[in-house]
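Novice: Below you'll find final_38.cif; it's mmCIF, N, CA and C atoms.
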```cif
data_protein
loop_
_atom_site.label_atom_id
_atom_site.label_comp_id
_atom_site.auth_asym_id
_atom_site.auth_seq_id
_atom_site.Cartn_x
_atom_site.Cartn_y
_atom_site.Cartn_z
N GLU A 441 -3.57 -7.50 -5.45
CA GLU A 441 -3.60 -7.26 -6.88
C GLU A 441 -2.44 -7.99 -7.57
N LYS A 442 -1.26 -7.93 -6.96
CA LYS A 442 -0.11 -8.59 -7.59
C LYS A 442 -0.27 -10.11 -7.56
N LEU A 443 -0.81 -10.62 -6.48
CA LEU A 443 -1.05 -12.05 -6.39
C LEU A 443 -2.07 -12.49 -7.44
N GLN A 444 -3.10 -11.69 -7.63
CA GLN A 444 -4.10 -12.00 -8.65
C GLN A 444 -3.48 -11.95 -10.04
N GLN A 445 -2.62 -10.96 -10.28
CA GLN A 445 -1.95 -10.85 -11.57
C GLN A 445 -1.07 -12.08 -11.82
N HIS A 446 -0.34 -12.49 -10.80
CA HIS A 446 0.53 -13.67 -10.91
C HIS A 446 -0.31 -14.91 -11.23
N PHE A 447 -1.39 -15.07 -10.49
CA PHE A 447 -2.28 -16.21 -10.72
C PHE A 447 -2.82 -16.19 -12.15
N ASN A 448 -3.33 -15.04 -12.58
CA ASN A 448 -3.89 -14.92 -13.94
C ASN A 448 -2.84 -15.25 -14.99
N SER A 449 -1.66 -14.72 -14.80
CA SER A 449 -0.59 -14.94 -15.76
C SER A 449 -0.26 -16.42 -15.88
N HIS A 450 -0.14 -17.08 -14.76
CA HIS A 450 0.22 -18.50 -14.80
C HIS A 450 -0.94 -19.41 -15.18
N MET A 451 -2.10 -19.13 -14.69
CA MET A 451 -3.23 -20.02 -14.94
C MET A 451 -3.86 -19.80 -16.32
N PHE A 452 -3.82 -18.60 -16.81
CA PHE A 452 -4.48 -18.34 -18.08
C PHE A 452 -3.48 -18.17 -19.22
N THR A 453 -2.64 -17.18 -19.13
CA THR A 453 -1.72 -16.87 -20.23
C THR A 453 -0.77 -18.03 -20.52
N LEU A 454 -0.05 -18.49 -19.51
CA LEU A 454 0.94 -19.54 -19.74
C LEU A 454 0.30 -20.88 -20.07
N GLU A 455 -0.80 -21.20 -19.42
CA GLU A 455 -1.49 -22.47 -19.72
C GLU A 455 -2.04 -22.46 -21.15
N GLN A 456 -2.61 -21.34 -21.57
CA GLN A 456 -3.16 -21.27 -22.92
C GLN A 456 -2.04 -21.36 -23.95
N LYS A 457 -0.90 -20.76 -23.64
CA LYS A 457 0.25 -20.85 -24.53
C LYS A 457 0.72 -22.30 -24.63
N LEU A 458 0.78 -22.98 -23.50
CA LEU A 458 1.19 -24.38 -23.47
C LEU A 458 0.22 -25.25 -24.27
N TYR A 459 -1.07 -25.01 -24.11
CA TYR A 459 -2.07 -25.77 -24.86
C TYR A 459 -1.87 -25.59 -26.36
N THR A 460 -1.61 -24.36 -26.77
CA THR A 460 -1.39 -24.07 -28.19
C THR A 460 -0.15 -24.80 -28.69
N GLU A 461 0.95 -24.72 -27.92
CA GLU A 461 2.20 -25.38 -28.31
C GLU A 461 2.03 -26.89 -28.42
N GLU A 462 1.20 -27.48 -27.57
CA GLU A 462 1.02 -28.93 -27.56
C GLU A 462 -0.15 -29.38 -28.44
N GLY A 463 -0.79 -28.43 -29.11
CA GLY A 463 -1.88 -28.77 -30.01
C GLY A 463 -3.15 -29.23 -29.31
N ILE A 464 -3.31 -28.84 -28.07
CA ILE A 464 -4.51 -29.21 -27.31
C ILE A 464 -5.62 -28.23 -27.65
N GLN A 465 -6.81 -28.77 -27.95
CA GLN A 465 -7.94 -27.89 -28.23
C GLN A 465 -8.47 -27.34 -26.92
N TRP A 466 -8.79 -26.07 -26.94
CA TRP A 466 -9.28 -25.42 -25.72
C TRP A 466 -10.10 -24.21 -26.10
N SER A 467 -10.94 -23.78 -25.19
CA SER A 467 -11.73 -22.57 -25.40
C SER A 467 -10.97 -21.41 -24.76
N HIS A 468 -10.81 -20.36 -25.53
CA HIS A 468 -10.10 -19.19 -25.01
C HIS A 468 -10.85 -18.60 -23.82
N ILE A 469 -10.13 -18.31 -22.77
CA ILE A 469 -10.72 -17.74 -21.56
C ILE A 469 -10.33 -16.28 -21.48
N GLN A 470 -11.33 -15.42 -21.42
CA GLN A 470 -11.09 -13.99 -21.23
C GLN A 470 -10.92 -13.74 -19.74
N TRP A 471 -9.90 -13.01 -19.39
CA TRP A 471 -9.71 -12.67 -17.98
C TRP A 471 -9.30 -11.21 -17.88
N GLN A 472 -9.61 -10.63 -16.74
CA GLN A 472 -9.34 -9.21 -16.54
C GLN A 472 -7.87 -8.99 -16.21
N ASP A 473 -7.22 -8.17 -17.01
CA ASP A 473 -5.84 -7.78 -16.72
C ASP A 473 -5.89 -6.63 -15.72
N ASN A 474 -5.29 -6.81 -14.57
CA ASN A 474 -5.36 -5.78 -13.53
C ASN A 474 -4.10 -4.91 -13.48
N ARG A 475 -3.36 -4.84 -14.58
CA ARG A 475 -2.14 -4.03 -14.63
C ARG A 475 -2.43 -2.56 -14.33
N GLU A 476 -3.53 -2.04 -14.83
CA GLU A 476 -3.88 -0.64 -14.60
C GLU A 476 -4.11 -0.37 -13.11
N ILE A 477 -4.73 -1.31 -12.43
CA ILE A 477 -4.95 -1.15 -10.98
C ILE A 477 -3.61 -1.12 -10.26
N ILE A 478 -2.74 -2.06 -10.59
CA ILE A 478 -1.41 -2.12 -9.96
C ILE A 478 -0.65 -0.84 -10.22
N ASP A 479 -0.70 -0.34 -11.45
CA ASP A 479 0.00 0.92 -11.78
C ASP A 479 -0.50 2.07 -10.92
N GLN A 480 -1.80 2.19 -10.76
CA GLN A 480 -2.33 3.31 -9.97
C GLN A 480 -1.99 3.17 -8.49
N LEU A 481 -1.75 1.98 -8.03
CA LEU A 481 -1.34 1.79 -6.65
C LEU A 481 0.16 2.00 -6.47
N GLU A 482 0.97 1.51 -7.42
CA GLU A 482 2.42 1.46 -7.22
C GLU A 482 3.26 2.45 -8.01
N LYS A 483 2.74 3.00 -9.09
CA LYS A 483 3.60 3.79 -9.97
C LYS A 483 4.24 4.96 -9.23
N LYS A 484 5.42 5.32 -9.66
CA LYS A 484 6.15 6.43 -9.04
C LYS A 484 6.16 7.59 -10.01
N PRO A 485 6.02 8.77 -9.58
CA PRO A 485 5.90 9.24 -8.19
C PRO A 485 4.46 9.46 -7.74
N LEU A 486 3.48 9.12 -8.56
CA LEU A 486 2.10 9.52 -8.24
C LEU A 486 1.15 8.38 -7.90
N GLY A 487 1.68 7.20 -7.64
CA GLY A 487 0.81 6.10 -7.23
C GLY A 487 0.32 6.30 -5.80
N LEU A 488 -0.73 5.61 -5.46
CA LEU A 488 -1.33 5.74 -4.13
C LEU A 488 -0.31 5.46 -3.02
N PHE A 489 0.47 4.39 -3.16
CA PHE A 489 1.45 4.06 -2.12
C PHE A 489 2.51 5.15 -1.99
N CYS A 490 2.94 5.72 -3.11
CA CYS A 490 3.95 6.79 -3.08
C CYS A 490 3.40 8.04 -2.39
N ILE A 491 2.15 8.35 -2.64
CA ILE A 491 1.53 9.52 -2.00
C ILE A 491 1.51 9.32 -0.49
N VAL A 492 1.07 8.16 -0.04
CA VAL A 492 1.01 7.89 1.40
C VAL A 492 2.41 7.90 2.00
N ASP A 493 3.36 7.26 1.34
CA ASP A 493 4.74 7.24 1.85
C ASP A 493 5.34 8.64 1.93
N SER A 494 5.12 9.45 0.90
CA SER A 494 5.69 10.81 0.92
C SER A 494 5.04 11.67 1.99
N GLU A 495 3.75 11.47 2.23
CA GLU A 495 3.08 12.22 3.30
C GLU A 495 3.66 11.84 4.67
N CYS A 496 4.06 10.61 4.83
CA CYS A 496 4.65 10.17 6.11
C CYS A 496 5.97 10.89 6.38
N LEU A 497 6.63 11.36 5.34
CA LEU A 497 7.91 12.05 5.50
C LEU A 497 7.76 13.54 5.76
N MET A 498 6.57 14.08 5.52
CA MET A 498 6.34 15.51 5.70
C MET A 498 6.08 15.84 7.16
N PRO A 499 6.73 16.89 7.67
CA PRO A 499 6.59 17.21 9.09
C PRO A 499 5.19 17.61 9.53
N ASN A 500 4.44 18.30 8.70
CA ASN A 500 3.10 18.76 9.09
C ASN A 500 1.98 17.99 8.42
N ALA A 501 2.30 16.82 7.90
CA ALA A 501 1.29 16.03 7.20
C ALA A 501 0.27 15.48 8.19
N SER A 502 -0.92 15.28 7.67
CA SER A 502 -1.99 14.70 8.48
C SER A 502 -2.79 13.77 7.58
N ASP A 503 -3.67 13.02 8.19
CA ASP A 503 -4.54 12.15 7.39
C ASP A 503 -5.36 12.99 6.41
N THR A 504 -5.77 14.17 6.85
CA THR A 504 -6.58 15.05 6.00
C THR A 504 -5.78 15.54 4.79
N THR A 505 -4.52 15.95 4.99
CA THR A 505 -3.71 16.41 3.85
C THR A 505 -3.43 15.25 2.91
N CYS A 506 -3.24 14.08 3.46
CA CYS A 506 -3.00 12.89 2.63
C CYS A 506 -4.23 12.59 1.78
N LEU A 507 -5.40 12.61 2.39
CA LEU A 507 -6.63 12.34 1.65
C LEU A 507 -6.85 13.37 0.55
N SER A 508 -6.54 14.62 0.85
CA SER A 508 -6.67 15.68 -0.14
C SER A 508 -5.76 15.42 -1.35
N LYS A 509 -4.53 14.98 -1.08
CA LYS A 509 -3.61 14.67 -2.18
C LYS A 509 -4.09 13.46 -2.98
N ILE A 510 -4.66 12.50 -2.30
CA ILE A 510 -5.20 11.34 -3.00
C ILE A 510 -6.34 11.78 -3.92
N TYR A 511 -7.27 12.57 -3.40
CA TYR A 511 -8.38 13.06 -4.22
C TYR A 511 -7.87 13.86 -5.41
N ASN A 512 -6.90 14.75 -5.18
CA ASN A 512 -6.38 15.58 -6.27
C ASN A 512 -5.64 14.76 -7.31
N SER A 513 -4.89 13.77 -6.88
CA SER A 513 -4.10 12.97 -7.81
C SER A 513 -4.95 12.02 -8.65
N PHE A 514 -6.09 11.63 -8.12
CA PHE A 514 -6.92 10.64 -8.81
C PHE A 514 -8.30 11.19 -9.18
N LYS A 515 -8.35 12.49 -9.49
CA LYS A 515 -9.63 13.15 -9.82
C LYS A 515 -10.42 12.42 -10.89
N THR A 516 -9.73 11.97 -11.92
CA THR A 516 -10.42 11.35 -13.06
C THR A 516 -10.31 9.82 -13.07
N SER A 517 -9.74 9.27 -12.03
CA SER A 517 -9.53 7.82 -11.99
C SER A 517 -10.82 7.06 -11.70
N LYS A 518 -10.93 5.91 -12.33
CA LYS A 518 -12.04 5.00 -12.03
C LYS A 518 -11.57 3.89 -11.09
N ILE A 519 -10.29 3.95 -10.72
CA ILE A 519 -9.71 2.91 -9.86
C ILE A 519 -9.54 3.40 -8.43
N VAL A 520 -9.02 4.60 -8.25
CA VAL A 520 -8.90 5.21 -6.92
C VAL A 520 -9.78 6.45 -6.96
N TYR A 521 -10.74 6.53 -6.06
CA TYR A 521 -11.72 7.62 -6.16
C TYR A 521 -12.41 7.88 -4.83
N LYS A 522 -13.12 8.99 -4.79
CA LYS A 522 -13.95 9.34 -3.63
C LYS A 522 -15.24 8.53 -3.76
N PRO A 523 -15.58 7.70 -2.76
CA PRO A 523 -16.72 6.81 -2.92
C PRO A 523 -18.08 7.50 -3.02
N SER A 524 -18.22 8.65 -2.40
CA SER A 524 -19.46 9.41 -2.54
C SER A 524 -19.15 10.87 -2.25
N ARG A 525 -20.05 11.73 -2.63
CA ARG A 525 -19.78 13.16 -2.39
C ARG A 525 -19.83 13.49 -0.92
N PHE A 526 -20.38 12.59 -0.11
CA PHE A 526 -20.47 12.82 1.32
C PHE A 526 -19.29 12.22 2.09
N ALA A 527 -18.44 11.51 1.41
CA ALA A 527 -17.30 10.87 2.08
C ALA A 527 -16.33 11.94 2.56
N SER A 528 -16.06 11.96 3.84
CA SER A 528 -15.15 12.97 4.37
C SER A 528 -13.82 12.36 4.80
N THR A 529 -13.79 11.08 5.10
CA THR A 529 -12.54 10.45 5.51
C THR A 529 -12.28 9.17 4.74
N ASN A 530 -12.93 9.02 3.59
CA ASN A 530 -12.82 7.78 2.84
C ASN A 530 -12.31 7.98 1.43
N PHE A 531 -11.66 6.95 0.93
CA PHE A 531 -11.39 6.83 -0.50
C PHE A 531 -11.63 5.36 -0.84
N ALA A 532 -11.85 5.09 -2.10
CA ALA A 532 -12.15 3.73 -2.53
C ALA A 532 -11.16 3.29 -3.60
N VAL A 533 -10.95 1.99 -3.65
CA VAL A 533 -10.13 1.39 -4.70
C VAL A 533 -10.96 0.29 -5.35
N ALA A 534 -11.04 0.34 -6.67
CA ALA A 534 -11.75 -0.69 -7.42
C ALA A 534 -10.77 -1.84 -7.68
N HIS A 535 -10.68 -2.75 -6.73
CA HIS A 535 -9.81 -3.92 -6.87
C HIS A 535 -10.42 -4.90 -7.86
N TYR A 536 -9.64 -5.90 -8.25
CA TYR A 536 -10.13 -6.88 -9.22
C TYR A 536 -11.41 -7.57 -8.73
N ALA A 537 -11.53 -7.75 -7.41
CA ALA A 537 -12.69 -8.46 -6.86
C ALA A 537 -13.84 -7.53 -6.48
N GLY A 538 -13.63 -6.22 -6.63
CA GLY A 538 -14.69 -5.28 -6.30
C GLY A 538 -14.17 -4.09 -5.53
N GLU A 539 -15.08 -3.19 -5.22
CA GLU A 539 -14.72 -1.95 -4.53
C GLU A 539 -14.42 -2.22 -3.05
N VAL A 540 -13.33 -1.58 -2.58
CA VAL A 540 -13.01 -1.58 -1.15
C VAL A 540 -12.89 -0.12 -0.73
N VAL A 541 -13.62 0.25 0.31
CA VAL A 541 -13.58 1.62 0.83
C VAL A 541 -12.64 1.64 2.03
N TYR A 542 -11.69 2.58 1.99
CA TYR A 542 -10.70 2.72 3.05
C TYR A 542 -10.98 4.00 3.83
N ASP A 543 -10.77 3.94 5.13
CA ASP A 543 -10.91 5.10 6.00
C ASP A 543 -9.51 5.64 6.25
N ILE A 544 -9.30 6.92 5.99
CA ILE A 544 -7.97 7.53 6.09
C ILE A 544 -7.53 7.75 7.54
N VAL A 545 -8.45 7.68 8.49
CA VAL A 545 -8.12 7.95 9.89
C VAL A 545 -7.02 6.98 10.36
N SER A 546 -5.94 7.56 10.86
CA SER A 546 -4.75 6.84 11.36
C SER A 546 -3.95 6.14 10.26
N PHE A 547 -4.22 6.45 9.01
CA PHE A 547 -3.52 5.83 7.89
C PHE A 547 -2.03 6.12 7.95
N LEU A 548 -1.66 7.38 8.17
CA LEU A 548 -0.24 7.74 8.19
C LEU A 548 0.47 7.09 9.37
N GLU A 549 -0.18 7.09 10.50
CA GLU A 549 0.42 6.47 11.69
C GLU A 549 0.67 4.98 11.45
N LYS A 550 -0.28 4.31 10.87
CA LYS A 550 -0.14 2.88 10.59
C LYS A 550 0.93 2.63 9.54
N ASN A 551 1.08 3.54 8.61
CA ASN A 551 2.05 3.36 7.53
C ASN A 551 3.49 3.53 8.01
N THR A 552 3.71 4.22 9.12
CA THR A 552 5.08 4.44 9.60
C THR A 552 5.65 3.22 10.31
N ASP A 553 4.82 2.27 10.68
CA ASP A 553 5.27 1.03 11.31
C ASP A 553 6.14 1.26 12.54
N LYS A 554 5.71 2.18 13.38
CA LYS A 554 6.46 2.43 14.61
C LYS A 554 6.40 1.20 15.52
N LEU A 555 7.51 0.97 16.20
CA LEU A 555 7.54 -0.13 17.16
C LEU A 555 6.73 0.23 18.39
N HIS A 556 6.02 -0.73 18.91
CA HIS A 556 5.25 -0.53 20.13
C HIS A 556 6.21 -0.23 21.28
N GLN A 557 5.78 0.61 22.21
CA GLN A 557 6.64 1.03 23.32
C GLN A 557 7.16 -0.16 24.14
N ASP A 558 6.37 -1.20 24.30
CA ASP A 558 6.83 -2.39 25.03
C ASP A 558 8.03 -3.03 24.35
N ILE A 559 8.01 -3.06 23.03
CA ILE A 559 9.13 -3.62 22.28
C ILE A 559 10.35 -2.72 22.43
N MET A 560 10.13 -1.41 22.35
CA MET A 560 11.24 -0.46 22.55
C MET A 560 11.87 -0.67 23.93
N ASN A 561 11.06 -0.78 24.96
CA ASN A 561 11.58 -0.97 26.32
C ASN A 561 12.35 -2.29 26.43
N LEU A 562 11.83 -3.32 25.82
CA LEU A 562 12.51 -4.61 25.84
C LEU A 562 13.88 -4.52 25.17
N LEU A 563 13.94 -3.87 24.02
CA LEU A 563 15.21 -3.74 23.31
C LEU A 563 16.19 -2.83 24.04
N LYS A 564 15.68 -1.79 24.71
CA LYS A 564 16.56 -0.92 25.50
C LYS A 564 17.17 -1.67 26.68
N SER A 565 16.48 -2.66 27.20
CA SER A 565 16.99 -3.42 28.34
C SER A 565 17.63 -4.74 27.92
N SER A 566 17.89 -4.89 26.63
CA SER A 566 18.47 -6.12 26.11
C SER A 566 19.84 -6.41 26.70
N SER A 567 20.18 -7.69 26.79
CA SER A 567 21.53 -8.07 27.23
C SER A 567 22.51 -8.01 26.07
N MET A 568 21.99 -7.79 24.87
CA MET A 568 22.86 -7.64 23.69
C MET A 568 23.29 -6.17 23.61
N PRO A 569 24.58 -5.92 23.74
CA PRO A 569 25.06 -4.53 23.78
C PRO A 569 24.64 -3.69 22.57
N MET A 570 24.67 -4.25 21.38
CA MET A 570 24.33 -3.48 20.17
C MET A 570 22.86 -3.07 20.18
N ALA A 571 21.98 -3.99 20.52
CA ALA A 571 20.55 -3.66 20.59
C ALA A 571 20.30 -2.60 21.65
N LYS A 572 20.93 -2.76 22.79
CA LYS A 572 20.76 -1.80 23.88
C LYS A 572 21.24 -0.42 23.45
N LEU A 573 22.39 -0.37 22.78
CA LEU A 573 22.95 0.90 22.31
C LEU A 573 22.01 1.56 21.29
N LEU A 574 21.58 0.80 20.31
CA LEU A 574 20.73 1.37 19.25
C LEU A 574 19.42 1.91 19.79
N PHE A 575 18.81 1.20 20.68
CA PHE A 575 17.49 1.60 21.14
C PHE A 575 17.52 2.51 22.36
N SER A 576 18.72 2.83 22.84
CA SER A 576 18.86 3.81 23.93
C SER A 576 19.34 5.15 23.41
N ASP A 577 19.81 5.18 22.17
CA ASP A 577 20.37 6.39 21.57
C ASP A 577 19.27 7.13 20.80
N PRO A 578 18.98 8.40 21.15
CA PRO A 578 17.92 9.16 20.45
C PRO A 578 18.14 9.30 18.94
N ARG A 579 19.38 9.20 18.47
CA ARG A 579 19.61 9.29 17.02
C ARG A 579 19.00 8.11 16.28
N PHE A 580 18.89 6.98 16.95
CA PHE A 580 18.35 5.78 16.32
C PHE A 580 16.92 5.49 16.75
N ALA A 581 16.47 6.14 17.80
CA ALA A 581 15.10 5.96 18.28
C ALA A 581 14.52 7.34 18.55
N PRO A 582 14.06 8.04 17.51
CA PRO A 582 13.62 9.43 17.64
C PRO A 582 12.58 9.67 18.73
N GLU A 583 11.75 8.66 19.03
CA GLU A 583 10.75 8.89 20.06
C GLU A 583 11.38 9.10 21.44
N LEU A 584 12.66 8.69 21.60
CA LEU A 584 13.36 8.92 22.86
C LEU A 584 13.83 10.36 22.98
N ALA A 585 14.05 11.01 21.87
CA ALA A 585 14.55 12.39 21.88
C ALA A 585 13.56 13.33 22.56
N ALA A 586 12.28 13.03 22.47
CA ALA A 586 11.25 13.89 23.07
C ALA A 586 11.14 13.70 24.58
N GLN A 587 11.72 12.62 25.09
CA GLN A 587 11.62 12.33 26.53
C GLN A 587 12.56 13.18 27.35
#
```
Starting from the file, give its structure as structure tokens.

Specialist:
Amino acid sequence: EKLQQHFNSHMFTLEQKLYTEEGIQWSHIQWQDNREIIDQLEKKPLGLFCIVDSECLMPNASDTTCLSKIYNSFKTSKIVYKPSRFASTNFAVAHYAGEVVYDIVSFLEKNTDKLHQDIMNLLKSSSMPMAKLLFSDPRFAPELAAQ
């Protein structure tokens, strides 16, 4: 969405302004401003990304609780919505190019960006003392605390 907004701004708004300043005749081009879509995705504290991020911080959060918060926060939205009344693990976003349906399953896990265990093991066995210290200490690698 942001890339599309950047493209639109530069290709349409700025070019049309330049044409006007230089006295070039041109036909006005109508283009869709996707600011509302970006706001519903990014705005704080109730944008879609903020909801997912805050759920990742909650100790008992699940994909189901996250989806419920998304549905509740965007009840009247035409941009973020439940794609059908039968959707049990999906939500949809009306992007500039069309609707995309997302499946909430594993959404929170993917959003936390945990390092793969192979990478953790590699860093724990590093010849660099600082890396070895950081990834061997449970305070810096919480998944080690459970071991």

Novice: Residues proximal to (-5.6, -19.2, -21.3) were defined as those with any atom within 9 Å of that point in the file's coordinates, counting only C-alpha atoms. Which are they, as a list in words?

Specialist: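 Output: Asn448, Ser449, His450, Met451, Phe452, Thr453, Leu454, Glu455, Gln456, Lys457, Leu458, Tyr459, Trp466, Ser467, His468, Ile469, Gln470 and Trp471 of chain A.
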
Novice: Enumerate, as a PyMOL selection string, the residues matched when the PyMOL selection byres ((chain A and resi 534-549) around 6) is run on the file above.

Specialist: chain A and resi 496+503+518-520+529-533+550-553

Novice: Please give the complete set of residues from region 469-546 of chain A that DSSP, run on the backbone, assigns to strand (DSSP E), formatted as a VMD selection string.

Specialist: chain A and resid 520 to 521 530 to 535 538 to 543

Novice: Report, in Å to a single decimal, how far apart CA of Phe447 (chain A) and CA of Phe514 (chain A) are.

Specialist: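 Here the two named atoms are 27.3 Å from each other.
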
Novice: Interatomic distance between CA of Leu507 (chain A) and CA of Asp473 (chain A)?

Specialist: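 Atom-to-atom, CA of Leu507 (chain A) to CA of Asp473 (chain A), that is 27.3 Å.
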
Novice: Residues near Lys442 (chain A), anyone? I mean within 8 Å using all atoms listed in the file, not counting same-chain ones fewer than 3 positions away, as a ChimeraX atom specification.

Specialist: /A:445-448,474,477-478

Novice: What are the DSSP helix (DSSP H, G or I) residues of region 493-552 of chain A, as a VMD selection string?

Specialist: chain A and resid 493 to 497 503 to 513 547 to 551
